[in-house]
file target12.cif (mmCIF, N, CA and C atoms)
data_my_file
loop_
_atom_site.label_atom_id
_atom_site.label_comp_id
_atom_site.auth_asym_id
_atom_site.auth_seq_id
_atom_site.Cartn_x
_atom_site.Cartn_y
_atom_site.Cartn_z
N MET A 1 69.79 153.79 66.57
CA MET A 1 69.94 153.28 67.89
C MET A 1 70.14 151.80 67.93
N GLY A 2 69.66 151.07 67.05
CA GLY A 2 69.78 149.64 67.06
C GLY A 2 70.99 149.14 66.32
N MET A 3 71.90 150.00 65.99
CA MET A 3 73.05 149.58 65.20
C MET A 3 74.16 149.04 66.10
N SER A 4 74.85 148.06 65.59
CA SER A 4 75.95 147.46 66.34
C SER A 4 77.25 148.13 65.93
N THR A 5 78.08 148.43 66.87
CA THR A 5 79.36 149.06 66.59
C THR A 5 80.49 148.05 66.51
N GLY A 6 80.23 146.79 66.78
CA GLY A 6 81.27 145.78 66.70
C GLY A 6 81.95 145.53 68.04
N ASN A 7 81.70 146.35 69.03
CA ASN A 7 82.33 146.17 70.34
C ASN A 7 81.47 145.33 71.28
N GLY A 8 80.26 145.05 70.93
CA GLY A 8 79.34 144.31 71.80
C GLY A 8 79.53 142.81 71.66
N PRO A 9 78.61 142.04 72.23
CA PRO A 9 78.70 140.58 72.14
C PRO A 9 78.56 140.10 70.72
N VAL A 10 79.26 139.03 70.40
CA VAL A 10 79.23 138.47 69.06
C VAL A 10 78.03 137.54 68.96
N SER A 11 77.33 137.63 67.88
CA SER A 11 76.15 136.79 67.72
C SER A 11 76.28 135.96 66.47
N GLY A 12 75.42 134.97 66.35
CA GLY A 12 75.39 134.18 65.12
C GLY A 12 76.38 133.04 65.15
N ARG A 13 76.94 132.74 63.95
CA ARG A 13 77.82 131.60 63.79
C ARG A 13 79.21 131.83 64.36
N ARG A 14 79.59 133.06 64.52
CA ARG A 14 80.95 133.36 64.97
C ARG A 14 81.12 133.23 66.47
N ALA A 15 80.08 132.91 67.22
CA ALA A 15 80.18 132.82 68.68
C ALA A 15 81.02 131.60 69.07
N ARG A 16 81.96 131.81 69.97
CA ARG A 16 82.81 130.71 70.45
C ARG A 16 82.76 130.66 71.96
N ARG A 17 82.94 129.47 72.48
CA ARG A 17 83.00 129.31 73.92
C ARG A 17 84.43 129.52 74.38
N ALA A 18 84.55 130.05 75.57
CA ALA A 18 85.88 130.20 76.16
C ALA A 18 86.34 128.83 76.63
N PRO A 19 87.63 128.53 76.53
CA PRO A 19 88.11 127.22 76.99
C PRO A 19 87.88 127.05 78.50
N MET A 20 87.55 125.83 78.89
CA MET A 20 87.30 125.55 80.29
C MET A 20 88.64 125.44 81.01
N ALA A 21 88.81 126.24 82.04
CA ALA A 21 90.08 126.28 82.75
C ALA A 21 90.02 125.55 84.08
N GLU A 22 88.98 124.78 84.33
CA GLU A 22 88.83 124.07 85.59
C GLU A 22 89.00 122.58 85.36
N ILE A 23 89.52 121.88 86.35
CA ILE A 23 89.69 120.43 86.26
C ILE A 23 88.52 119.77 86.97
N ASN A 24 87.92 118.82 86.31
CA ASN A 24 86.82 118.07 86.91
C ASN A 24 87.42 116.95 87.75
N VAL A 25 87.30 117.04 89.08
CA VAL A 25 87.91 116.05 89.97
C VAL A 25 86.97 114.91 90.34
N THR A 26 85.74 114.97 89.90
CA THR A 26 84.78 113.92 90.26
C THR A 26 85.23 112.54 89.78
N PRO A 27 85.67 112.35 88.54
CA PRO A 27 86.15 111.02 88.14
C PRO A 27 87.37 110.57 88.95
N LEU A 28 88.24 111.49 89.30
CA LEU A 28 89.42 111.16 90.10
C LEU A 28 89.00 110.66 91.48
N VAL A 29 88.05 111.33 92.10
CA VAL A 29 87.56 110.92 93.41
C VAL A 29 86.90 109.55 93.32
N ASP A 30 86.13 109.30 92.27
CA ASP A 30 85.49 108.00 92.10
C ASP A 30 86.52 106.88 91.99
N VAL A 31 87.54 107.09 91.20
CA VAL A 31 88.58 106.08 91.03
C VAL A 31 89.32 105.84 92.35
N MET A 32 89.63 106.91 93.07
CA MET A 32 90.35 106.76 94.33
C MET A 32 89.51 106.02 95.37
N LEU A 33 88.22 106.27 95.41
CA LEU A 33 87.35 105.55 96.35
C LEU A 33 87.29 104.06 96.02
N VAL A 34 87.23 103.73 94.73
CA VAL A 34 87.23 102.32 94.33
C VAL A 34 88.55 101.66 94.72
N LEU A 35 89.68 102.34 94.49
CA LEU A 35 90.98 101.79 94.88
C LEU A 35 91.08 101.63 96.39
N LEU A 36 90.56 102.59 97.14
CA LEU A 36 90.59 102.49 98.59
C LEU A 36 89.83 101.26 99.06
N ILE A 37 88.67 101.02 98.50
CA ILE A 37 87.88 99.85 98.89
C ILE A 37 88.61 98.57 98.53
N ILE A 38 89.23 98.52 97.36
CA ILE A 38 89.98 97.33 96.96
C ILE A 38 91.11 97.06 97.93
N PHE A 39 91.88 98.08 98.29
CA PHE A 39 93.00 97.89 99.21
C PHE A 39 92.53 97.52 100.61
N MET A 40 91.41 98.08 101.03
CA MET A 40 90.90 97.74 102.36
C MET A 40 90.45 96.28 102.43
N VAL A 41 89.93 95.76 101.33
CA VAL A 41 89.49 94.37 101.31
C VAL A 41 90.67 93.41 101.20
N THR A 42 91.67 93.76 100.38
CA THR A 42 92.78 92.83 100.13
C THR A 42 93.90 92.92 101.15
N ALA A 43 94.05 94.01 101.88
CA ALA A 43 95.16 94.14 102.82
C ALA A 43 95.16 93.07 103.91
N PRO A 44 94.03 92.73 104.52
CA PRO A 44 94.08 91.66 105.53
C PRO A 44 94.45 90.30 104.95
N LEU A 45 94.24 90.10 103.67
CA LEU A 45 94.56 88.82 103.05
C LEU A 45 96.05 88.68 102.74
N MET A 46 96.81 89.76 102.85
CA MET A 46 98.22 89.74 102.50
C MET A 46 99.12 89.44 103.70
N THR A 47 98.57 89.02 104.81
CA THR A 47 99.37 88.67 105.97
C THR A 47 99.95 87.28 105.77
N SER A 48 100.73 86.85 106.73
CA SER A 48 101.40 85.55 106.65
C SER A 48 100.39 84.43 106.41
N GLY A 49 100.76 83.46 105.60
CA GLY A 49 99.85 82.42 105.18
C GLY A 49 99.74 81.23 106.10
N VAL A 50 100.52 81.17 107.19
CA VAL A 50 100.47 80.03 108.09
C VAL A 50 99.41 80.31 109.15
N GLN A 51 98.44 79.41 109.27
CA GLN A 51 97.34 79.61 110.20
C GLN A 51 97.73 79.15 111.61
N VAL A 52 97.73 80.07 112.57
CA VAL A 52 97.99 79.73 113.97
C VAL A 52 96.94 80.42 114.83
N ASP A 53 96.70 79.85 115.99
CA ASP A 53 95.75 80.42 116.95
C ASP A 53 96.56 81.23 117.96
N LEU A 54 96.65 82.55 117.75
CA LEU A 54 97.49 83.40 118.58
C LEU A 54 96.85 83.65 119.94
N PRO A 55 97.66 83.77 120.98
CA PRO A 55 97.11 84.13 122.29
C PRO A 55 96.68 85.59 122.32
N GLU A 56 95.86 85.95 123.29
CA GLU A 56 95.40 87.33 123.42
C GLU A 56 96.30 88.11 124.36
N SER A 57 96.37 89.43 124.14
CA SER A 57 97.18 90.31 124.97
C SER A 57 96.53 91.67 125.01
N LYS A 58 96.82 92.45 126.06
CA LYS A 58 96.30 93.81 126.18
C LYS A 58 97.27 94.83 125.59
N ALA A 59 98.40 94.40 125.08
CA ALA A 59 99.41 95.30 124.52
C ALA A 59 98.93 95.86 123.18
N GLU A 60 99.35 97.08 122.90
CA GLU A 60 99.02 97.73 121.63
C GLU A 60 99.95 97.25 120.53
N ALA A 61 99.56 97.44 119.29
CA ALA A 61 100.39 97.05 118.15
C ALA A 61 101.61 97.95 118.04
N LEU A 62 102.71 97.39 117.53
CA LEU A 62 103.94 98.14 117.34
C LEU A 62 103.91 98.88 116.02
N THR A 63 104.52 100.06 115.99
CA THR A 63 104.69 100.76 114.72
C THR A 63 105.95 100.23 114.06
N GLN A 64 105.92 100.05 112.75
CA GLN A 64 107.04 99.46 112.04
C GLN A 64 107.43 100.33 110.87
N GLU A 65 108.73 100.47 110.65
CA GLU A 65 109.23 101.26 109.54
C GLU A 65 109.65 100.38 108.37
N GLN A 66 110.17 99.17 108.65
CA GLN A 66 110.60 98.27 107.60
C GLN A 66 109.90 96.93 107.77
N ASP A 67 109.89 96.16 106.69
CA ASP A 67 109.24 94.85 106.75
C ASP A 67 110.03 93.93 107.68
N PRO A 68 109.36 93.36 108.67
CA PRO A 68 110.04 92.45 109.59
C PRO A 68 110.13 91.04 109.01
N ILE A 69 110.93 90.22 109.65
CA ILE A 69 111.01 88.80 109.33
C ILE A 69 109.96 88.09 110.18
N ALA A 70 109.16 87.24 109.57
CA ALA A 70 108.12 86.52 110.30
C ALA A 70 108.60 85.09 110.55
N VAL A 71 108.71 84.74 111.82
CA VAL A 71 109.02 83.37 112.22
C VAL A 71 107.75 82.82 112.86
N THR A 72 107.21 81.74 112.28
CA THR A 72 105.93 81.20 112.72
C THR A 72 106.10 79.73 113.08
N ILE A 73 105.46 79.34 114.18
CA ILE A 73 105.43 77.94 114.59
C ILE A 73 103.96 77.52 114.59
N ASP A 74 103.61 76.57 113.71
CA ASP A 74 102.21 76.17 113.61
C ASP A 74 101.87 75.14 114.69
N PRO A 75 100.60 74.76 114.82
CA PRO A 75 100.20 73.84 115.89
C PRO A 75 100.91 72.49 115.85
N ALA A 76 101.38 72.07 114.67
CA ALA A 76 102.09 70.79 114.55
C ALA A 76 103.56 70.91 114.95
N GLY A 77 104.04 72.14 115.18
CA GLY A 77 105.44 72.35 115.55
C GLY A 77 106.34 72.65 114.37
N THR A 78 105.80 72.80 113.18
CA THR A 78 106.59 73.15 112.00
C THR A 78 106.99 74.62 112.08
N ILE A 79 108.25 74.90 111.79
CA ILE A 79 108.78 76.26 111.87
C ILE A 79 108.85 76.85 110.47
N TYR A 80 108.34 78.06 110.33
CA TYR A 80 108.35 78.78 109.06
C TYR A 80 109.12 80.08 109.24
N VAL A 81 109.92 80.42 108.23
CA VAL A 81 110.57 81.73 108.18
C VAL A 81 110.05 82.40 106.91
N ASN A 82 109.27 83.47 107.09
CA ASN A 82 108.62 84.16 105.97
C ASN A 82 107.86 83.18 105.08
N ASP A 83 107.00 82.36 105.65
CA ASP A 83 106.14 81.40 104.95
C ASP A 83 106.89 80.25 104.29
N GLU A 84 108.16 80.07 104.59
CA GLU A 84 108.95 78.96 104.05
C GLU A 84 109.27 78.00 105.19
N ALA A 85 108.83 76.74 105.04
CA ALA A 85 109.06 75.75 106.08
C ALA A 85 110.56 75.46 106.20
N ILE A 86 111.06 75.44 107.44
CA ILE A 86 112.48 75.23 107.72
C ILE A 86 112.60 74.06 108.69
N ALA A 87 113.55 73.17 108.41
CA ALA A 87 113.83 72.08 109.35
C ALA A 87 114.46 72.68 110.60
N PRO A 88 114.15 72.14 111.80
CA PRO A 88 114.69 72.71 113.03
C PRO A 88 116.22 72.79 113.05
N GLU A 89 116.90 71.82 112.44
CA GLU A 89 118.37 71.86 112.43
C GLU A 89 118.93 72.90 111.46
N ALA A 90 118.12 73.35 110.49
CA ALA A 90 118.57 74.37 109.54
C ALA A 90 118.17 75.77 109.96
N LEU A 91 117.42 75.90 111.05
CA LEU A 91 116.92 77.21 111.48
C LEU A 91 118.05 78.16 111.83
N GLY A 92 119.04 77.69 112.56
CA GLY A 92 120.15 78.56 112.97
C GLY A 92 120.91 79.15 111.80
N SER A 93 121.20 78.34 110.79
CA SER A 93 121.94 78.85 109.63
C SER A 93 121.09 79.83 108.82
N ARG A 94 119.79 79.55 108.71
CA ARG A 94 118.90 80.47 107.97
C ARG A 94 118.80 81.81 108.68
N LEU A 95 118.67 81.79 110.01
CA LEU A 95 118.59 83.04 110.77
C LEU A 95 119.92 83.79 110.72
N GLY A 96 121.03 83.06 110.75
CA GLY A 96 122.35 83.69 110.63
C GLY A 96 122.52 84.39 109.30
N ALA A 97 122.01 83.78 108.24
CA ALA A 97 122.09 84.40 106.91
C ALA A 97 121.25 85.67 106.86
N LEU A 98 120.09 85.64 107.50
CA LEU A 98 119.25 86.84 107.53
C LEU A 98 119.92 87.95 108.33
N ARG A 99 120.58 87.59 109.41
CA ARG A 99 121.30 88.58 110.23
C ARG A 99 122.46 89.17 109.45
N ALA A 100 123.20 88.33 108.72
CA ALA A 100 124.35 88.81 107.95
C ALA A 100 123.91 89.72 106.80
N ALA A 101 122.73 89.51 106.28
CA ALA A 101 122.23 90.33 105.16
C ALA A 101 121.72 91.69 105.62
N SER A 102 121.56 91.87 106.92
CA SER A 102 121.01 93.12 107.45
C SER A 102 122.13 94.04 107.93
N SER A 103 121.94 95.33 107.71
CA SER A 103 122.90 96.32 108.19
C SER A 103 122.39 97.05 109.43
N GLU A 104 121.22 96.66 109.92
CA GLU A 104 120.62 97.32 111.08
C GLU A 104 121.29 96.88 112.37
N GLN A 105 121.35 97.77 113.33
CA GLN A 105 121.89 97.45 114.66
C GLN A 105 120.96 96.44 115.32
N GLY A 106 121.49 95.31 115.77
CA GLY A 106 120.66 94.29 116.40
C GLY A 106 119.93 93.41 115.41
N GLY A 107 120.18 93.58 114.14
CA GLY A 107 119.52 92.78 113.12
C GLY A 107 118.16 93.31 112.77
N PRO A 108 117.53 92.71 111.77
CA PRO A 108 116.18 93.16 111.39
C PRO A 108 115.17 92.77 112.46
N ARG A 109 114.04 93.44 112.46
CA ARG A 109 112.97 93.11 113.42
C ARG A 109 112.41 91.74 113.06
N VAL A 110 112.20 90.92 114.07
CA VAL A 110 111.65 89.58 113.90
C VAL A 110 110.34 89.49 114.66
N LEU A 111 109.30 89.03 113.98
CA LEU A 111 108.01 88.81 114.62
C LEU A 111 107.84 87.32 114.82
N LEU A 112 107.78 86.88 116.06
CA LEU A 112 107.63 85.47 116.39
C LEU A 112 106.16 85.19 116.66
N ARG A 113 105.57 84.34 115.83
CA ARG A 113 104.17 83.95 115.96
C ARG A 113 104.14 82.48 116.30
N ALA A 114 103.50 82.13 117.40
CA ALA A 114 103.41 80.74 117.82
C ALA A 114 102.01 80.43 118.28
N ASP A 115 101.53 79.25 117.94
CA ASP A 115 100.21 78.81 118.36
C ASP A 115 100.17 78.69 119.88
N GLN A 116 99.08 79.10 120.49
CA GLN A 116 99.00 79.10 121.95
C GLN A 116 98.97 77.70 122.55
N ALA A 117 98.66 76.68 121.76
CA ALA A 117 98.61 75.31 122.27
C ALA A 117 99.97 74.62 122.22
N LEU A 118 101.01 75.31 121.74
CA LEU A 118 102.33 74.70 121.60
C LEU A 118 103.02 74.51 122.94
N ASN A 119 103.97 73.57 122.93
CA ASN A 119 104.83 73.35 124.08
C ASN A 119 105.71 74.59 124.28
N TYR A 120 105.77 75.07 125.49
CA TYR A 120 106.56 76.27 125.82
C TYR A 120 108.04 76.07 125.47
N GLY A 121 108.54 74.86 125.63
CA GLY A 121 109.94 74.57 125.34
C GLY A 121 110.28 74.77 123.87
N LEU A 122 109.37 74.45 122.98
CA LEU A 122 109.62 74.65 121.55
C LEU A 122 109.75 76.13 121.22
N VAL A 123 108.90 76.95 121.79
CA VAL A 123 108.95 78.40 121.55
C VAL A 123 110.26 78.97 122.11
N ILE A 124 110.65 78.54 123.30
CA ILE A 124 111.89 79.02 123.91
C ILE A 124 113.09 78.55 123.09
N GLY A 125 113.03 77.35 122.52
CA GLY A 125 114.11 76.86 121.66
C GLY A 125 114.29 77.74 120.43
N VAL A 126 113.19 78.14 119.82
CA VAL A 126 113.26 79.03 118.65
C VAL A 126 113.81 80.39 119.08
N MET A 127 113.38 80.88 120.23
CA MET A 127 113.90 82.17 120.72
C MET A 127 115.40 82.07 120.99
N GLY A 128 115.86 80.91 121.47
CA GLY A 128 117.29 80.70 121.67
C GLY A 128 118.06 80.75 120.36
N GLU A 129 117.49 80.17 119.31
CA GLU A 129 118.13 80.22 117.99
C GLU A 129 118.18 81.65 117.46
N LEU A 130 117.12 82.41 117.71
CA LEU A 130 117.11 83.82 117.30
C LEU A 130 118.23 84.59 118.03
N ASN A 131 118.38 84.32 119.31
CA ASN A 131 119.42 84.98 120.10
C ASN A 131 120.81 84.56 119.63
N ARG A 132 121.00 83.27 119.38
CA ARG A 132 122.29 82.77 118.92
C ARG A 132 122.67 83.35 117.57
N ALA A 133 121.68 83.62 116.71
CA ALA A 133 121.94 84.20 115.39
C ALA A 133 122.24 85.69 115.47
N GLY A 134 122.08 86.29 116.64
CA GLY A 134 122.36 87.72 116.79
C GLY A 134 121.18 88.62 116.50
N LEU A 135 120.01 88.05 116.42
CA LEU A 135 118.80 88.84 116.18
C LEU A 135 118.25 89.29 117.53
N ARG A 136 118.39 90.57 117.83
CA ARG A 136 118.04 91.09 119.15
C ARG A 136 116.71 91.83 119.19
N ARG A 137 116.14 92.10 118.04
CA ARG A 137 114.88 92.84 117.99
C ARG A 137 113.74 91.87 117.70
N VAL A 138 113.33 91.11 118.70
CA VAL A 138 112.31 90.08 118.55
C VAL A 138 111.03 90.54 119.26
N ALA A 139 109.92 90.40 118.58
CA ALA A 139 108.62 90.74 119.16
C ALA A 139 107.73 89.51 119.08
N LEU A 140 107.02 89.22 120.16
CA LEU A 140 106.06 88.13 120.19
C LEU A 140 104.71 88.67 119.73
N VAL A 141 104.08 87.99 118.79
CA VAL A 141 102.82 88.45 118.20
C VAL A 141 101.66 87.81 118.94
N SER A 142 100.65 88.62 119.26
CA SER A 142 99.41 88.13 119.86
C SER A 142 98.27 88.93 119.26
N ILE A 143 97.06 88.50 119.54
CA ILE A 143 95.91 89.30 119.11
C ILE A 143 95.44 90.13 120.30
N THR A 144 94.85 91.27 120.02
CA THR A 144 94.41 92.17 121.09
C THR A 144 93.19 91.59 121.78
N GLN A 145 93.23 91.56 123.10
CA GLN A 145 92.15 91.04 123.90
C GLN A 145 91.03 92.05 123.96
N ALA A 146 89.82 91.58 123.80
CA ALA A 146 88.66 92.47 123.86
C ALA A 146 88.48 92.96 125.30
N ALA A 147 88.17 94.24 125.43
CA ALA A 147 87.97 94.84 126.75
C ALA A 147 86.67 94.30 127.35
N PRO A 148 86.67 93.99 128.66
CA PRO A 148 85.45 93.46 129.29
C PRO A 148 84.39 94.52 129.46
#

call {"tool": "encode", "arguments": {"input": "target12.cif", "output": "structure tokens"}}
result
Amino acid sequence: MGMSTGNGPVSGRRARRAPMAEINVTPLVDVMLVLLIIFMVTAPLMTSGVQVDLPESKAEALTQEQDPIAVTIDPAGTIYVNDEAIAPEALGSRLGALRAASSEQGGPRVLLRADQALNYGLVIGVMGELNRAGLRRVALVSITQAAP
């Protein structure tokens, strides 16, 4: 009765484990969470480098499909195109070159950021240059006003 026929479980040194057919996702989840935290911390730092005090608005943020051109006017009145300082007399030619390089209808999207303490005439002058260059998709950037 106690004899083995060879069909039962294998015992002793010949016992082998079956290969594991499951993927351990715990290390993958850990790495992804660390990457998520890194991107959440660094993403706000990757915005335009020119510091301006934007006015507040109740408008919602725009959804964007492509990277826009950032035109910024700092409190001193210096004009920047994508973080590059531009002389006021060279602004029209620079904007014209950006328009010519774009195949989009109305030109690429332009985000105009201006300090709220600036002279209104300076901002309108830059908007006139944008219009003259053929850039028709211009958005004025503001920060969202806190609800009362």

call {"tool": "atom_distance", "arguments": {"input": "target12.cif", "atom1": "atom C of Ile37 in chain A", "atom2": "CA of Asp67 in chain A"}}
result
22.5 Å

call {"tool": "resolve_selection", "arguments": {"input": "target12.cif", "expression": "the PyMOL selection byres ((chain A and resi 82) around 6)", "output": "list of chain:residue names"}}
result
A:Ile69, A:Ala70, A:Val71, A:Thr72, A:Tyr80, A:Val81, A:Asp83, A:Glu84

call {"tool": "residues_around", "arguments": {"input": "target12.cif", "residues": "range 90-103 of chain A", "least_positions_apart": "5", "cutoff": "6.5 Å", "atoms": "only N, CA and C atoms", "output": "PDB file with N, CA and C atoms, keeping the file's coordinate frame"}}
result
ATOM      1  N   PRO A 108     117.530  92.710 111.770  1.00  0.00           N
ATOM      2  CA  PRO A 108     116.180  93.160 111.390  1.00  0.00           C
ATOM      3  C   PRO A 108     115.170  92.770 112.460  1.00  0.00           C
ATOM      4  N   GLU A 129     117.490  80.170 119.310  1.00  0.00           N
ATOM      5  CA  GLU A 129     118.130  80.220 117.990  1.00  0.00           C
ATOM      6  C   GLU A 129     118.180  81.650 117.460  1.00  0.00           C
ATOM      7  N   ALA A 133     121.680  83.620 116.710  1.00  0.00           N
ATOM      8  CA  ALA A 133     121.940  84.200 115.390  1.00  0.00           C
ATOM      9  C   ALA A 133     122.240  85.690 115.470  1.00  0.00           C
ATOM     10  N   GLY A 134     122.080  86.290 116.640  1.00  0.00           N
ATOM     11  CA  GLY A 134     122.360  87.720 116.790  1.00  0.00           C
ATOM     12  C   GLY A 134     121.180  88.620 116.500  1.00  0.00           C
ATOM     13  N   LEU A 135     120.010  88.050 116.420  1.00  0.00           N
ATOM     14  CA  LEU A 135     118.800  88.840 116.180  1.00  0.00           C
ATOM     15  C   LEU A 135     118.250  89.290 117.530  1.00  0.00           C
TER      16      LEU A 135
END

call {"tool": "atom_distance", "arguments": {"input": "target12.cif", "atom1": "atom N of Arg113 in chain A", "atom2": "atom C of Pro88 in chain A"}}
result
16.0 Å

call {"tool": "select_by_dssp", "arguments": {"input": "target12.cif", "residues": "range 67-127 of chain A", "states": "strand (DSSP E or B)", "output": "PyMOL selection string"}}
result
chain A and resi 69-73+79-81+84-86+110-114

call {"tool": "atom_distance", "arguments": {"input": "target12.cif", "atom1": "CA of Ser57 in chain A", "atom2": "CA of Thr144 in chain A"}}
result
5.1 Å
